[in-house]
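Structure file entry04.csv with CSV, C-alpha atoms:
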```
chain,number,residue,atom,x,y,z
A,940,MET,CA,15.3,35.1,7.9
A,941,GLY,CA,18.7,33.5,8.4
A,942,ARG,CA,21.3,34.9,10.7
A,943,LEU,CA,23.2,37.9,9.4
A,944,ARG,CA,26.7,37.0,8.2
A,945,HIS,CA,29.5,39.5,8.7
A,946,ARG,CA,32.2,39.9,6.0
A,947,THR,CA,35.3,40.4,8.1
A,948,ALA,CA,39.0,39.7,7.8
A,949,PRO,CA,41.9,39.5,10.3
A,950,GLY,CA,43.8,42.8,10.9
A,951,TRP,CA,41.0,45.1,9.7
A,952,THR,CA,39.5,48.0,11.5
A,953,TYR,CA,35.7,48.3,11.8
A,954,PHE,CA,33.1,50.9,12.4
A,955,VAL,CA,30.4,49.0,14.4
A,956,THR,CA,26.9,50.0,15.5
A,957,THR,CA,24.6,48.0,17.8
A,958,LYS,CA,21.3,48.9,19.4
A,959,THR,CA,19.5,48.2,22.6
A,960,TRP,CA,16.5,45.8,22.8
A,961,GLN,CA,13.5,47.5,21.2
A,962,ASN,CA,15.5,50.8,21.1
A,963,ARG,CA,14.9,51.3,24.8
A,964,ALA,CA,16.9,54.2,26.3
A,965,LEU,CA,18.7,51.9,28.7
A,966,PHE,CA,21.9,53.9,28.7
A,967,GLN,CA,20.2,57.1,30.0
A,968,VAL,CA,20.9,55.4,33.3
A,969,PRO,CA,24.5,56.4,34.3
A,970,GLU,CA,25.2,53.1,36.1
A,971,ASN,CA,24.4,51.1,33.0
A,972,THR,CA,26.7,53.3,30.9
A,973,ARG,CA,29.5,53.0,33.4
A,974,ILE,CA,29.3,49.2,33.4
A,975,LEU,CA,29.3,49.1,29.6
A,976,ILE,CA,32.3,51.3,29.3
A,977,GLU,CA,34.2,49.4,32.0
A,978,CYS,CA,33.4,46.2,30.1
A,979,MET,CA,34.8,47.6,26.8
A,980,LEU,CA,37.9,48.8,28.4
A,981,ARG,CA,38.5,45.6,30.4
A,982,HIS,CA,38.4,43.4,27.3
A,983,ARG,CA,40.6,45.9,25.4
A,984,ASP,CA,43.1,45.8,28.2
A,985,GLY,CA,42.9,42.0,28.0
A,986,GLY,CA,44.1,42.1,24.4
A,987,ALA,CA,40.9,41.1,22.6
A,988,TYR,CA,41.0,44.2,20.4
A,989,LEU,CA,42.2,47.8,20.0
A,990,LEU,CA,39.7,50.4,20.8
A,991,HIS,CA,40.0,53.7,18.8
A,992,GLU,CA,36.7,55.6,19.2
A,993,PHE,CA,33.4,55.0,20.9
A,994,VAL,CA,30.2,56.8,22.0
A,995,VAL,CA,27.4,55.4,24.2
A,996,MET,CA,24.1,56.9,23.2
A,997,PRO,CA,20.9,56.3,25.2
A,998,ASN,CA,19.7,53.5,22.9
A,999,HIS,CA,22.8,52.5,20.8
A,1000,LEU,CA,26.6,52.2,20.7
A,1001,HIS,CA,29.0,53.2,18.0
A,1002,LEU,CA,32.7,52.2,18.1
A,1003,ILE,CA,35.8,51.8,16.0
A,1004,LEU,CA,37.9,48.8,16.9
A,1005,THR,CA,40.5,46.5,15.5
A,1006,PRO,CA,40.2,42.9,16.7
A,1007,SER,CA,43.3,41.0,17.6
A,1008,ALA,CA,44.7,38.2,15.5
A,1009,GLU,CA,43.1,35.7,17.9
A,1010,THR,CA,39.7,37.4,18.1
A,1011,THR,CA,37.1,37.7,15.4
A,1012,LEU,CA,34.9,40.7,15.2
A,1013,GLU,CA,31.9,38.5,16.2
A,1014,LYS,CA,33.8,37.4,19.3
A,1015,ALA,CA,34.8,41.0,20.2
A,1016,MET,CA,31.2,42.1,20.1
A,1017,MET,CA,30.1,39.1,22.1
A,1018,LEU,CA,32.5,40.1,24.8
A,1019,ILE,CA,31.2,43.7,24.8
A,1020,LYS,CA,27.5,42.9,24.6
A,1021,GLY,CA,27.4,39.7,26.5
A,1022,GLY,CA,29.8,40.9,29.1
A,1023,SER,CA,28.0,44.2,29.8
A,1024,SER,CA,24.7,42.5,29.9
A,1025,HIS,CA,25.9,39.9,32.4
A,1026,GLU,CA,27.4,42.7,34.7
A,1027,ILE,CA,24.3,44.9,34.5
A,1028,HIS,CA,22.1,42.0,35.4
A,1029,ARG,CA,24.4,41.0,38.2
A,1030,GLN,CA,25.1,44.5,39.7
A,1031,ARG,CA,21.7,46.1,39.2
A,1032,GLY,CA,19.3,43.2,39.3
A,1033,ILE,CA,17.8,43.8,35.9
A,1034,GLY,CA,16.3,40.7,34.4
A,1035,SER,CA,15.1,42.0,31.0
A,1036,GLN,CA,17.0,41.7,27.7
A,1037,LEU,CA,19.4,44.6,27.1
A,1038,TRP,CA,20.7,44.3,23.6
A,1039,ALA,CA,19.0,43.7,20.2
A,1040,SER,CA,20.6,40.7,18.5
A,1041,GLY,CA,23.4,41.3,16.0
A,1042,PHE,CA,25.3,44.4,15.0
A,1043,HIS,CA,26.1,46.3,11.8
A,1044,GLU,CA,29.7,46.8,10.7
A,1045,THR,CA,31.7,48.5,7.9
A,1046,SER,CA,35.4,48.1,7.3
A,1047,ILE,CA,37.5,51.2,7.5
A,1048,ARG,CA,39.1,51.5,4.0
A,1049,ASP,CA,41.7,54.2,4.5
A,1050,ARG,CA,42.7,57.2,6.5
A,1051,ASP,CA,40.0,59.5,5.0
A,1052,ASP,CA,37.3,56.9,5.7
A,1053,TYR,CA,38.5,56.7,9.3
A,1054,LEU,CA,38.4,60.4,9.8
A,1055,LYS,CA,34.8,60.5,8.5
A,1056,LYS,CA,33.7,57.7,10.8
A,1057,SER,CA,35.5,59.2,13.7
A,1058,ALA,CA,33.9,62.5,13.2
A,1059,TYR,CA,30.5,60.9,13.0
A,1060,ILE,CA,31.0,59.1,16.3
A,1061,ARG,CA,32.3,62.3,18.0
A,1062,ASN,CA,29.4,64.4,16.7
A,1063,ASN,CA,26.7,61.9,17.4
A,1064,PRO,CA,25.6,63.5,20.8
A,1065,VAL,CA,25.8,67.0,19.2
A,1066,ASP,CA,23.6,65.9,16.3
A,1067,ALA,CA,21.1,64.4,18.8
A,1068,HIS,CA,21.0,67.8,20.6
A,1069,LEU,CA,22.2,66.2,23.8
A,1070,VAL,CA,25.2,68.6,24.2
A,1071,SER,CA,26.5,71.6,22.3
A,1072,ARG,CA,30.1,70.3,21.9
A,1073,ALA,CA,31.4,66.7,21.5
A,1074,GLU,CA,33.7,66.8,24.5
A,1075,GLU,CA,30.8,67.6,26.8
A,1076,TRP,CA,29.3,64.2,26.4
A,1077,PRO,CA,30.9,62.1,29.2
A,1078,HIS,CA,30.1,58.7,27.7
A,1079,ALA,CA,32.5,58.8,24.7
A,1080,SER,CA,36.1,58.8,23.7
A,1081,ALA,CA,35.7,62.5,22.7
A,1082,ALA,CA,35.4,63.4,26.4
A,1083,GLY,CA,39.1,62.7,26.8
A,1084,ALA,CA,38.7,60.7,30.0
A,1085,PHE,CA,39.6,57.3,28.5
A,1086,ARG,CA,42.8,56.0,26.9
A,1087,MET,CA,42.3,55.1,23.3
A,1088,ASP,CA,44.6,52.9,21.2
A,1089,GLU,CA,46.7,54.0,18.3
A,1090,LEU,CA,45.5,53.2,14.8
A,1091,PRO,CA,47.1,50.5,12.7
A,1092,GLN,CA,50.0,51.8,10.6
A,1093,ARG,CA,48.0,51.9,7.4
A,1094,LEU,CA,45.5,54.3,8.8
A,1095,ARG,CA,48.0,56.7,10.4
A,1096,PRO,CA,49.0,60.0,8.7
A,1097,PHE,CA,52.3,60.2,6.9
A,1098,PRO,CA,54.8,62.4,8.8
A,1099,SER,CA,55.1,66.0,7.5
A,1100,GLY,CA,57.6,66.2,4.6
A,1101,ALA,CA,57.8,62.4,4.3
A,1102,LYS,CA,59.1,61.2,1.0
A,1103,ALA,CA,58.1,58.2,-1.0
A,1104,PRO,CA,60.4,55.2,-0.4
A,1105,ALA,CA,63.5,55.2,-2.7
A,1106,PHE,CA,63.2,53.1,-5.7
A,1107,THR,CA,65.4,50.0,-5.8
A,1108,GLY,CA,66.0,47.3,-8.4
A,1109,GLU,CA,64.3,44.8,-6.0
A,1110,ASP,CA,61.1,46.9,-6.1
A,1111,TYR,CA,60.9,46.6,-9.9
A,1112,VAL,CA,58.9,43.7,-11.3
A,1113,GLY,CA,59.3,43.2,-15.0
A,1114,ALA,CA,61.9,42.5,-17.7
A,1115,LYS,CA,65.5,42.5,-16.3
A,1116,ALA,CA,68.5,43.9,-18.1
A,1117,PRO,CA,70.6,41.1,-19.7
A,1118,THR,CA,73.4,39.8,-17.7
A,1119,PRO,CA,76.8,39.0,-19.2
A,1120,GLU,CA,75.9,35.3,-19.0
A,1121,ASN,CA,72.6,35.4,-20.8
A,1122,ALA,CA,73.8,38.2,-23.2
A,1123,ARG,CA,76.2,35.9,-25.0
A,1124,THR,CA,75.1,34.6,-28.3
A,1125,SER,CA,75.1,30.9,-29.1
A,1126,ARG,CA,77.6,31.2,-32.0
A,1127,ALA,CA,81.3,31.8,-31.8
A,1128,PRO,CA,82.4,35.3,-33.1
A,1129,ASN,CA,83.6,35.2,-36.7
A,1130,GLN,CA,86.3,37.5,-38.3
A,1131,LEU,CA,83.7,40.2,-39.2
A,1132,ASP,CA,82.7,40.4,-35.6
A,1133,ARG,CA,86.3,40.8,-34.5
A,1134,ASN,CA,86.9,43.6,-37.0
A,1135,ARG,CA,83.8,45.5,-35.8
A,1136,LEU,CA,84.9,45.2,-32.2
A,1137,HIS,CA,88.4,46.4,-33.1
A,1138,VAL,CA,87.0,49.5,-34.9
A,1139,LYS,CA,84.6,50.3,-32.1
A,1140,THR,CA,87.3,49.9,-29.4
A,1141,SER,CA,89.7,52.1,-31.3
A,1142,SER,CA,87.0,54.8,-31.7
A,1143,LEU,CA,86.2,54.8,-28.0
A,1144,ARG,CA,89.9,55.2,-27.0
A,1145,ARG,CA,90.2,58.4,-29.1
A,1146,LYS,CA,87.3,60.2,-27.2
A,1147,SER,CA,88.0,62.4,-24.2
A,1148,ARG,CA,85.2,61.3,-22.0
A,1149,PRO,CA,85.9,58.8,-19.2
A,1150,PRO,CA,85.3,55.2,-20.2
A,1151,GLU,CA,82.8,54.8,-17.4
A,1152,GLU,CA,80.2,57.0,-19.3
A,1153,PHE,CA,80.0,54.3,-21.9
A,1154,LEU,CA,79.1,51.6,-19.6
A,1155,LEU,CA,75.5,50.5,-19.7
```
Would you mind writing the file out in structure tokens?
Amino acid sequence: MGRLRHRTAPGWTYFVTTKTWQNRALFQVPENTRILIECMLRHRDGGAYLLHEFVVMPNHLHLILTPSAETTLEKAMMLIKGGSSHEIHRQRGIGSQLWASGFHETSIRDRDDYLKKSAYIRNNPVDAHLVSRAEEWPHASAAGAFRMDELPQRLRPFPSGAKAPAFTGEDYVGAKAPTPENARTSRAPNQLDRNRLHVKTSSLRRKSRPPEEFLL
């Protein structure tokens, strides 16, 4: 089977899952978990991506991140997985493979989609019966011990009472009202045209409403 190709685009936010080698519970060891989290935060601080949510489970990792304009999603995950693997090998003397190859991602479509994925991440340790409340799991953003990045503008909630942007003529795409220049006819006005104009003008002058109300 060929290598899995990821459908990604610059500026998008992703929900990503990756597993340990052969689903081993490598992150039941607190030192391994500490190194992984430090690696994620270090590359985030270096500007490779924005980190919005994460949870380190015994045998897998869930996170929501937005790669920077200079970093692909594949590059971001290589920094996290390759960087943490290197540091765990170096600091703890572990020589075995740590991560399964590849990862699975889905793009975050909108605000509602983000809230669903975020709730899934936060509740993962609860659903696995590891803790009774999400904030009790120390290896996750829900614990409140780690600074997370703000979401991109398109995924943020609208302020309370916010109104839709005012409509302007520049926002309208379609037929334009005729201008005086293109409203002219190609023929010169004849005597009948002049008579009609004189009658219409005289009628308007006799009315009591301001002349501005007749302007189109």
Computed interatomic separation between CA of Ser1046 (chain A) and CA of Leu1012 (chain A) (Å):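 The value is 10.8 Å.
Excluding region 958-968 of chain A itself and same-chain residues fewer than 3 positions from it, the residues having an atom within 10 Å of it are Asn971, Thr972, Arg973, Ile974, Leu975, Val995, Met996, Pro997, Asn998, His999, Leu1000, His1001, Lys1020, Ser1035, Gln1036, Leu1037, Trp1038, Ala1039, Ser1040, Gly1041, Phe1042, His1043 and His1078 of chain A, counting all atoms listed in the file.
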For C-alpha atoms, I'd like the residues from the last selection saved as a PDB file, in the frame of the given file.
```pdb
ATOM      1  CA  ASN A 971      24.400  51.100  33.000  1.00  0.00           C
ATOM      2  CA  THR A 972      26.700  53.300  30.900  1.00  0.00           C
ATOM      3  CA  ARG A 973      29.500  53.000  33.400  1.00  0.00           C
ATOM      4  CA  ILE A 974      29.300  49.200  33.400  1.00  0.00           C
ATOM      5  CA  LEU A 975      29.300  49.100  29.600  1.00  0.00           C
ATOM      6  CA  VAL A 995      27.400  55.400  24.200  1.00  0.00           C
ATOM      7  CA  MET A 996      24.100  56.900  23.200  1.00  0.00           C
ATOM      8  CA  PRO A 997      20.900  56.300  25.200  1.00  0.00           C
ATOM      9  CA  ASN A 998      19.700  53.500  22.900  1.00  0.00           C
ATOM     10  CA  HIS A 999      22.800  52.500  20.800  1.00  0.00           C
ATOM     11  CA  LEU A1000      26.600  52.200  20.700  1.00  0.00           C
ATOM     12  CA  HIS A1001      29.000  53.200  18.000  1.00  0.00           C
ATOM     13  CA  LYS A1020      27.500  42.900  24.600  1.00  0.00           C
ATOM     14  CA  SER A1035      15.100  42.000  31.000  1.00  0.00           C
ATOM     15  CA  GLN A1036      17.000  41.700  27.700  1.00  0.00           C
ATOM     16  CA  LEU A1037      19.400  44.600  27.100  1.00  0.00           C
ATOM     17  CA  TRP A1038      20.700  44.300  23.600  1.00  0.00           C
ATOM     18  CA  ALA A1039      19.000  43.700  20.200  1.00  0.00           C
ATOM     19  CA  SER A1040      20.600  40.700  18.500  1.00  0.00           C
ATOM     20  CA  GLY A1041      23.400  41.300  16.000  1.00  0.00           C
ATOM     21  CA  PHE A1042      25.300  44.400  15.000  1.00  0.00           C
ATOM     22  CA  HIS A1043      26.100  46.300  11.800  1.00  0.00           C
ATOM     23  CA  HIS A1078      30.100  58.700  27.700  1.00  0.00           C
TER      24      HIS A1078
END
```
May I ask for the distance between CA of Ala1081 (chain A) and CA of Glu1013 (chain A), given in Å to one decimal place?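 Separating CA of Ala1081 (chain A) from CA of Glu1013 (chain A) is a distance of 25.2 Å.
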Pick from A:Thr1005, A:Glu970, A:Arg1061, A:Thr957: nearest to Ala987 (chain A), with all atoms listed in the file counted? A:Thr1005
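Distance annotation: of A:His982, A:Val994, A:Ile976, A:Gly1022, the residue with the minimal separation from Glu1074 (chain A) is A:Val994; atom set is all atoms listed in the file.
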For each of A:His1068, A:Gly950, A:Thr956, A:Thr1045, take the minimum atom-to-atom distance to Leu989 (chain A), counting only C-alpha atoms, then give the residue where this is smallest. A:Gly950
Residue with the minimum atom-to-atom distance to Asp1052 (chain A), picked from A:Glu1009, A:Arg1095, A:Arg1072, A:His1025 with all atoms listed in the file counted, is A:Arg1095
Pick from A:Ser1057, A:Asn1063, A:Gln1092, A:Ser1024: nearest to His991 (chain A), with only C-alpha atoms counted?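 Of the candidates, the smallest distance to His991 (chain A) is held by A:Ser1057.
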Looking at all atoms listed in the file, which of A:Glu1044, A:Asp1088, A:Met1016, A:Asn1062 is the one that sits closest to Cys978 (chain A)?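 Among the listed residues, the smallest separation from Cys978 (chain A) belongs to A:Met1016.
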When you draw a straight line from CA of Val955 (chain A) to CA of Arg1031 (chain A), how long is it in Å? 26.4 Å
